[in-house]
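run_6.txt, holding compact mmCIF, C-alpha atoms and all ligand atoms:
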```txt
# COMPACT_ATOMS: atom_id res chain seq x y z
CA MET M 1 -5.03 -10.62 13.64
CA ARG M 2 -2.58 -8.48 15.52
CA LYS M 3 -0.42 -11.48 16.18
CA VAL M 4 -0.15 -12.31 12.51
CA GLY M 5 0.66 -8.66 11.80
CA ALA M 6 3.47 -8.77 14.28
CA VAL M 7 4.84 -11.87 12.63
CA ALA M 8 4.74 -10.22 9.22
CA ALA M 9 6.57 -7.23 10.62
CA ALA M 10 9.05 -9.57 12.24
CA VAL M 11 9.71 -11.35 8.97
CA ALA M 12 10.23 -8.07 7.20
CA GLY M 13 12.47 -6.96 10.05
CA LEU M 14 14.61 -10.02 9.54
CA ALA M 15 15.10 -9.07 5.94
CA LEU M 16 16.48 -5.75 7.11
CA VAL M 17 19.00 -7.40 9.38
CA ALA M 18 20.43 -9.12 6.35
CA GLY M 19 21.38 -5.83 4.76
CA CYS M 20 18.38 -3.78 3.74
CA GLY M 21 17.01 -6.67 1.79
CA SER M 22 18.51 -5.56 -1.47
CA HIS M 23 21.86 -7.28 -1.55
CA VAL M 24 21.10 -10.52 0.23
CA SER M 25 22.43 -13.41 -1.76
CA PRO M 26 19.92 -16.20 -1.76
CA THR M 27 21.26 -19.20 0.09
CA GLU M 28 20.78 -22.79 -0.84
CA ARG M 29 18.48 -23.21 2.12
CA ALA M 30 15.13 -22.77 0.46
CA GLY M 31 12.01 -24.43 1.78
CA ILE M 32 12.06 -23.29 5.39
CA PRO M 33 9.13 -20.92 5.61
CA ARG M 34 8.22 -21.61 9.21
CA ASP M 35 11.66 -20.66 10.56
CA ALA M 36 11.11 -17.09 9.57
CA GLY M 37 7.46 -17.03 10.57
CA PRO M 38 5.86 -17.57 13.96
CA GLY M 39 8.45 -17.73 16.68
CA ALA M 40 11.11 -15.81 14.79
CA SER M 41 12.63 -13.16 17.00
CA PRO M 42 11.84 -9.69 15.73
CA ALA M 43 15.06 -7.94 16.61
CA GLY M 44 18.68 -9.02 16.64
CA ALA M 45 17.76 -12.26 14.98
CA PRO M 46 20.60 -14.41 13.82
CA THR M 47 21.64 -13.91 10.24
CA PRO M 48 20.62 -17.40 9.05
CA ASN M 49 16.96 -16.51 9.47
CA ALA M 50 17.40 -13.42 7.33
CA ALA M 51 19.03 -15.60 4.73
CA ASP M 52 16.10 -17.97 5.01
CA VAL M 53 13.71 -15.12 4.34
CA ALA M 54 15.73 -14.06 1.32
CA ALA M 55 15.73 -17.67 0.15
CA GLN M 56 11.95 -17.85 0.43
CA TRP M 57 11.63 -14.78 -1.76
CA ALA M 58 14.30 -16.01 -4.15
CA LYS M 59 12.19 -19.12 -4.78
CA TRP M 60 9.75 -16.79 -6.50
CA GLY M 61 12.39 -14.76 -8.31
CA LEU M 62 12.01 -11.90 -5.83
CA LYS M 63 14.02 -9.91 -3.36
CA PRO M 64 12.40 -9.16 0.02
CA LEU M 65 10.45 -5.94 0.35
CA PRO M 66 11.61 -3.28 2.80
CA PRO M 67 10.45 -4.11 6.33
CA ALA M 68 7.04 -2.85 7.36
CA PRO M 69 7.17 -0.76 10.53
CA PRO M 70 5.42 -2.14 13.60
CA ALA M 71 1.66 -1.67 13.58
CA PRO M 72 0.88 1.84 14.86
CA ALA M 73 -0.16 2.04 18.50
CA ARG M 74 -3.02 4.30 17.44
CA PRO M 75 -4.86 3.38 14.26
CA ALA M 76 -4.60 5.87 11.40
CA ILE M 77 -8.35 5.44 10.87
CA ALA M 78 -10.39 4.60 13.95
CA LEU M 79 -13.71 3.21 12.77
CA LYS M 80 -16.66 3.94 14.99
CA ALA M 81 -19.15 1.44 16.28
CA LYS M 82 -22.03 3.70 15.33
CA GLY M 83 -22.77 6.55 12.97
CA PRO M 84 -22.04 7.10 9.27
CA VAL M 85 -19.74 4.57 7.62
CA PRO M 86 -16.68 6.36 6.16
CA VAL M 87 -15.41 5.77 2.62
CA PHE M 88 -11.66 5.94 1.97
CA SER M 89 -9.06 4.93 -0.60
CA SER M 90 -5.93 5.69 1.37
CA VAL M 91 -4.93 5.87 5.00
CA PRO M 92 -3.33 8.95 6.55
CA THR M 93 0.16 7.87 7.58
CA LYS M 94 3.77 8.94 7.17
CA ASP M 95 4.88 5.32 7.13
CA ARG M 96 6.20 4.30 3.74
CA VAL M 97 3.62 1.55 3.41
CA VAL M 98 0.92 0.51 0.97
CA PHE M 99 -1.92 -1.95 1.53
CA VAL M 100 -2.61 -4.82 -0.85
CA THR M 101 -6.20 -5.91 -1.37
CA LEU M 102 -7.25 -8.90 -3.49
CA ASP M 103 -10.83 -9.02 -4.72
CA ASP M 104 -13.51 -11.47 -5.85
CA GLY M 105 -11.96 -14.95 -5.55
CA ASN M 106 -12.55 -16.58 -8.94
CA GLU M 107 -9.03 -17.88 -9.47
CA LYS M 108 -7.81 -20.46 -6.97
CA ASP M 109 -4.29 -21.20 -8.10
CA PRO M 110 -2.76 -23.77 -5.72
CA GLU M 111 0.69 -22.28 -6.35
CA PHE M 112 -0.47 -19.06 -4.76
CA LEU M 113 -1.11 -20.89 -1.47
CA GLN M 114 2.58 -21.78 -1.35
CA MET M 115 3.61 -18.30 -2.44
CA LEU M 116 1.77 -16.57 0.39
CA ALA M 117 2.95 -19.17 2.88
CA ASP M 118 6.52 -18.43 1.77
CA LEU M 119 6.35 -14.65 1.53
CA ARG M 120 3.83 -13.82 4.27
CA VAL M 121 2.87 -10.57 2.58
CA PRO M 122 -0.20 -9.26 4.44
CA VAL M 123 -3.13 -9.06 2.04
CA SER M 124 -6.77 -8.23 2.70
CA MET M 125 -9.12 -10.46 0.70
CA PHE M 126 -12.44 -8.90 -0.28
CA LEU M 127 -14.45 -12.00 -1.12
CA THR M 128 -17.60 -12.46 -3.20
CA ASP M 129 -19.59 -15.50 -2.12
CA ALA M 130 -20.57 -16.44 -5.69
CA ALA M 131 -16.87 -16.58 -6.62
CA ILE M 132 -15.64 -18.59 -3.64
CA ARG M 133 -18.47 -20.95 -2.69
CA ASP M 134 -17.02 -23.81 -4.75
CA ASN M 135 -13.94 -23.81 -2.53
CA TYR M 136 -14.12 -21.91 0.75
CA GLY M 137 -11.16 -23.91 1.99
CA TYR M 138 -8.78 -22.25 -0.48
CA PHE M 139 -9.16 -18.91 1.27
CA ARG M 140 -8.96 -20.56 4.68
CA THR M 141 -5.47 -21.70 3.72
CA LEU M 142 -4.56 -18.15 2.73
CA GLN M 143 -6.01 -16.97 6.02
CA SER M 144 -3.62 -19.31 7.81
CA SER M 145 -0.78 -17.49 6.02
CA GLY M 146 -1.97 -14.19 7.48
CA ALA M 147 -4.48 -12.98 4.87
CA THR M 148 -7.58 -11.29 6.26
CA VAL M 149 -11.18 -11.67 5.06
CA GLN M 150 -13.47 -8.77 4.16
CA ASN M 151 -16.80 -8.25 2.38
CA HIS M 152 -17.28 -7.92 -1.40
CA THR M 153 -21.01 -8.86 -1.62
CA VAL M 154 -22.72 -12.13 -2.52
CA ASP M 155 -23.23 -11.68 -6.28
CA HIS M 156 -21.01 -8.74 -7.23
CA PRO M 157 -23.77 -6.35 -8.40
CA GLN M 158 -23.54 -2.64 -9.10
CA LEU M 159 -24.89 -1.72 -5.69
CA PRO M 160 -26.36 1.71 -6.62
CA LEU M 161 -28.71 -0.05 -9.03
CA LEU M 162 -30.30 -1.81 -6.06
CA GLY M 163 -32.61 -0.37 -3.45
CA TYR M 164 -31.79 -0.43 0.25
CA GLU M 165 -33.17 -3.90 0.87
CA GLY M 166 -31.32 -5.38 -2.10
CA GLN M 167 -28.06 -3.82 -0.97
CA ARG M 168 -28.60 -4.93 2.61
CA ARG M 169 -29.08 -8.52 1.48
CA GLU M 170 -25.93 -8.47 -0.65
CA LEU M 171 -23.88 -7.19 2.25
CA CYS M 172 -25.45 -9.01 5.19
CA ASP M 173 -25.60 -12.39 3.46
CA ASP M 174 -21.92 -12.17 2.52
CA GLN M 175 -21.16 -11.23 6.14
CA LYS M 176 -22.98 -14.32 7.37
CA THR M 177 -21.20 -16.66 4.99
CA LEU M 178 -17.76 -15.20 5.62
CA GLU M 179 -18.23 -15.35 9.36
CA ARG M 180 -19.40 -18.96 9.16
CA GLU M 181 -16.53 -20.04 6.92
CA TYR M 182 -13.68 -17.96 8.31
CA GLY M 183 -14.64 -17.41 11.94
CA THR M 184 -14.33 -13.66 11.74
CA ARG M 185 -16.93 -11.03 10.96
CA PRO M 186 -15.75 -8.56 8.29
CA THR M 187 -15.63 -4.89 9.24
CA LEU M 188 -14.80 -3.52 5.78
CA LEU M 189 -16.61 -3.49 2.44
CA ARG M 190 -15.21 -3.14 -1.04
CA PRO M 191 -18.21 -2.25 -3.20
CA PRO M 192 -18.01 -3.97 -6.62
CA TYR M 193 -16.60 -1.65 -9.33
CA GLY M 194 -16.04 0.91 -6.57
CA GLU M 195 -19.68 1.97 -6.96
CA TRP M 196 -21.65 2.99 -3.89
CA ASN M 197 -24.24 5.49 -2.70
CA SER M 198 -25.70 6.61 0.62
CA LEU M 199 -27.86 3.49 0.78
CA THR M 200 -24.65 1.43 0.64
CA GLN M 201 -23.44 3.23 3.75
CA GLN M 202 -26.75 2.59 5.51
CA ALA M 203 -26.82 -1.06 4.49
CA ALA M 204 -23.19 -1.50 5.55
CA ALA M 205 -23.99 -0.11 8.99
CA ALA M 206 -26.98 -2.44 9.30
CA CYS M 207 -24.71 -5.42 8.57
CA GLY M 208 -21.98 -4.46 11.05
CA ILE M 209 -19.58 -3.14 8.40
CA ARG M 210 -17.76 -0.06 9.64
CA GLY M 211 -15.75 1.16 6.64
CA ILE M 212 -15.98 1.22 2.83
CA VAL M 213 -12.60 0.81 1.16
CA LEU M 214 -11.85 1.97 -2.37
CA TRP M 215 -8.34 2.16 -3.89
CA ARG M 216 -5.77 4.59 -5.29
CA ALA M 217 -4.06 2.26 -7.75
CA SER M 218 -5.23 -0.93 -9.39
CA PHE M 219 -3.02 -3.66 -10.74
CA GLN M 220 -3.55 -5.19 -14.14
CA ILE M 221 -1.00 -7.72 -15.37
CA HIS M 222 2.37 -5.99 -15.25
CA ASP M 223 1.73 -2.59 -13.75
CA PHE M 224 -0.67 -0.34 -11.91
CA GLN M 225 -3.21 2.19 -13.09
CA TYR M 226 -2.70 5.13 -10.78
CA ASP M 227 -5.07 7.80 -9.57
CA ASP M 228 -1.94 9.85 -8.92
CA PRO M 229 -0.96 11.83 -12.06
CA GLU M 230 2.69 11.23 -11.18
CA LYS M 231 2.01 7.50 -11.32
CA LYS M 232 3.56 6.88 -7.94
CA PHE M 233 2.39 5.46 -4.67
CA ARG M 234 1.89 7.72 -1.71
CA PRO M 235 2.22 6.48 1.87
CA GLY M 236 -1.00 4.79 2.95
CA ASP M 237 -2.34 4.04 -0.52
CA VAL M 238 -4.74 1.14 -0.86
CA LEU M 239 -3.87 -1.04 -3.87
CA LEU M 240 -6.35 -3.21 -5.73
CA ALA M 241 -5.64 -6.51 -7.44
CA HIS M 242 -7.79 -9.57 -8.10
CA PHE M 243 -7.72 -13.32 -7.82
CA ARG M 244 -7.26 -13.72 -11.57
CA GLY M 245 -5.73 -16.43 -13.69
CA PRO M 246 -4.42 -17.03 -17.22
CA LYS M 247 -7.80 -16.39 -18.83
CA GLU M 248 -7.97 -12.85 -17.51
CA LEU M 249 -4.22 -12.23 -17.48
CA LYS M 250 -3.32 -13.05 -21.08
CA GLY M 251 -1.80 -16.37 -20.08
CA GLU M 252 -0.05 -15.24 -16.92
CA THR M 253 -0.75 -16.90 -13.62
CA LEU M 254 -1.86 -15.43 -10.31
CA THR M 255 1.61 -15.99 -8.84
CA GLU M 256 3.25 -14.24 -11.79
CA MET M 257 0.87 -11.32 -11.41
CA PHE M 258 1.53 -11.11 -7.68
CA ALA M 259 5.29 -11.25 -8.26
CA HIS M 260 5.04 -8.35 -10.73
CA LEU M 261 3.00 -6.42 -8.19
CA LEU M 262 5.58 -6.94 -5.45
CA LYS M 263 8.38 -5.86 -7.78
CA VAL M 264 6.62 -2.56 -8.48
CA VAL M 265 6.08 -1.99 -4.75
CA ARG M 266 9.73 -2.73 -4.08
CA ARG M 267 10.95 -0.53 -6.92
CA GLN M 268 9.09 2.40 -5.37
CA GLY M 269 10.62 1.66 -1.99
CA PHE M 270 7.45 0.75 -0.13
CA ALA M 271 6.65 -1.94 2.38
CA VAL M 272 3.33 -3.76 2.45
CA ALA M 273 1.52 -3.35 5.77
CA ARG M 274 -1.68 -4.92 6.99
CA LEU M 275 -4.67 -2.69 6.32
CA GLU M 276 -6.41 -3.85 9.49
CA ASP M 277 -3.42 -2.69 11.57
CA TYR M 278 -4.01 0.88 10.40
CA VAL M 279 -7.81 0.79 10.20
CA ARG M 280 -9.41 -0.55 13.34
CA THR M 281 -12.80 -0.98 14.84
CA PRO M 282 -13.38 -0.12 18.52
ZN ZN Q 301 -14.91 -7.29 -7.59
```
Taking this structure as input, can you express it in the form of structure tokens?
Amino acid sequence: MRKVGAVAAAVAGLALVAGCGSHVSPTERAGIPRDAGPGASPAGAPTPNAADVAAQWAKWGLKPLPPAPPAPARPAIALKAKGPVPVFSSVPTKDRVVFVTLDDGNEKDPEFLQMLADLRVPVSMFLTDAAIRDNYGYFRTLQSSGATVQNHTVDHPQLPLLGYEGQRRELCDDQKTLEREYGTRPTLLRPPYGEWNSLTQQAAAACGIRGIVLWRASFQIHDFQYDDPEKKFRPGDVLLAHFRGPKELKGETLTEMFAHLLKVVRRQGFAVARLEDYVRTP
């Protein structure tokens, strides 16, 4: 995970080398995602790579985001192995970063696989087994582009309507499936609809989940709904979007939605960092 984070930071760093990312003219050399990915040198990289990064973004009608800073040496939130499971919707940091989370998993637009491979934006996927079990492989491909896998229950219930045992099953069974399919045991839970109670915290702990993540702004089709009355991001905000397609997005595709999202992040001058780089388990 850390390695992928470093690569993402490196890619973003390359964009900076090319001139703050905002005035890079796209070159004709599109279609070279790997050059700017693993193996790219993080500092003092030759200009062509920066141009390659800009070209990858230009393919999607986008300009590169500002570079994410290196992952902090000390996590902003250090999750504990034992004790109460904390609930948070933002991460205390001065870094001008936000965290992108994608929930559920209903829409599996093949174009989005290419988009994430090209852009390497770090996203945390909170996956519901009922939504993904017809195609686990789709999310494995996203994982190979640096996306991380976290828990969003088996059947997407309103957890507080269930007793402890019902909640425990929803969480633990999703853990088991995600670990089997993706080779990594989630440490974070996004409770469906953002609804949780103290039993959720107890059930999470019983299933090896160490943090419950809510959000400060949620993306619809073209813009966010903000908790902040000023309708602006603050450093460390967790952003929520979904794997949705034309049916839910009034005809727009997942890639169009994600492009809109990135434009809003860029307009506000934020970088996207990896949530798991700022929120770590012991
Ligand atoms: Zn959901």
Problem set entry | Contacts to ligand ZN 301 (chain Q) at 9 Å cut-off (all atoms listed in the file) as a list in words |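 Those within range of ligand ZN 301 (chain Q) are Leu102, Asp103, Asp104, Gly105, Phe126, Leu127, Thr128, His152, Thr153, His156, Pro157, Arg190, Pro191, Pro192, Tyr193, Gly194 and His242 of chain M.
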Seminar exercise, completed: In terms of only C-alpha atoms, the residue from M:Val87, M:Ala217, M:Leu189, M:Leu254 at minimal distance from Lys108 (chain M) is M:Leu254
Problem set entry | region 111-113 of chain M surroundings by all atoms listed in the file, 12 Å radius, close-in-sequence under 6 positions cut, as a VMD selection string | chain M and resid 60 119 to 121 137 to 147 243 to 245 253 to 259
Problem set entry | Arg168 (chain M) environment, 12 Å, only C-alpha atoms, sequence neighbours closer than 5 positions dropped, as a list in words | Thr153, Val154, Leu159, Pro160, Leu162, Gly163, Asp173, Asp174, Gln175, Lys176, Leu199, Thr200, Gln201, Gln202, Ala203, Ala204, Ala205, Ala206, Cys207, Gly208 and Ile209 of chain M
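Our summary of the geometry notes that CA of Pro229 (chain M) is positioned 11.0 Å from CA of Arg216 (chain M).
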Problem set entry | Length of the CA of Val149 (chain M) to CA of Leu275 (chain M) vector [Å] |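 The value is 11.2 Å.
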Exercise. Using only C-alpha atoms, which of the listed residues (M:Val265, M:Ile221, M:Ala81, M:Ala130) sits closest to Pro246 (chain M)?
Worked result: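 Going through M:Val265, M:Ile221, M:Ala81, M:Ala130 one by one, the smallest distance to Pro246 (chain M) is for M:Ile221.
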For this session: Considering all atoms listed in the file, state which residue in the set M:Pro67, M:Glu165, M:Glu181, M:Pro92 is at the smallest distance from Arg133 (chain M).
Result: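 Counting all atoms listed in the file, the residue closest to Arg133 (chain M) is M:Glu181.
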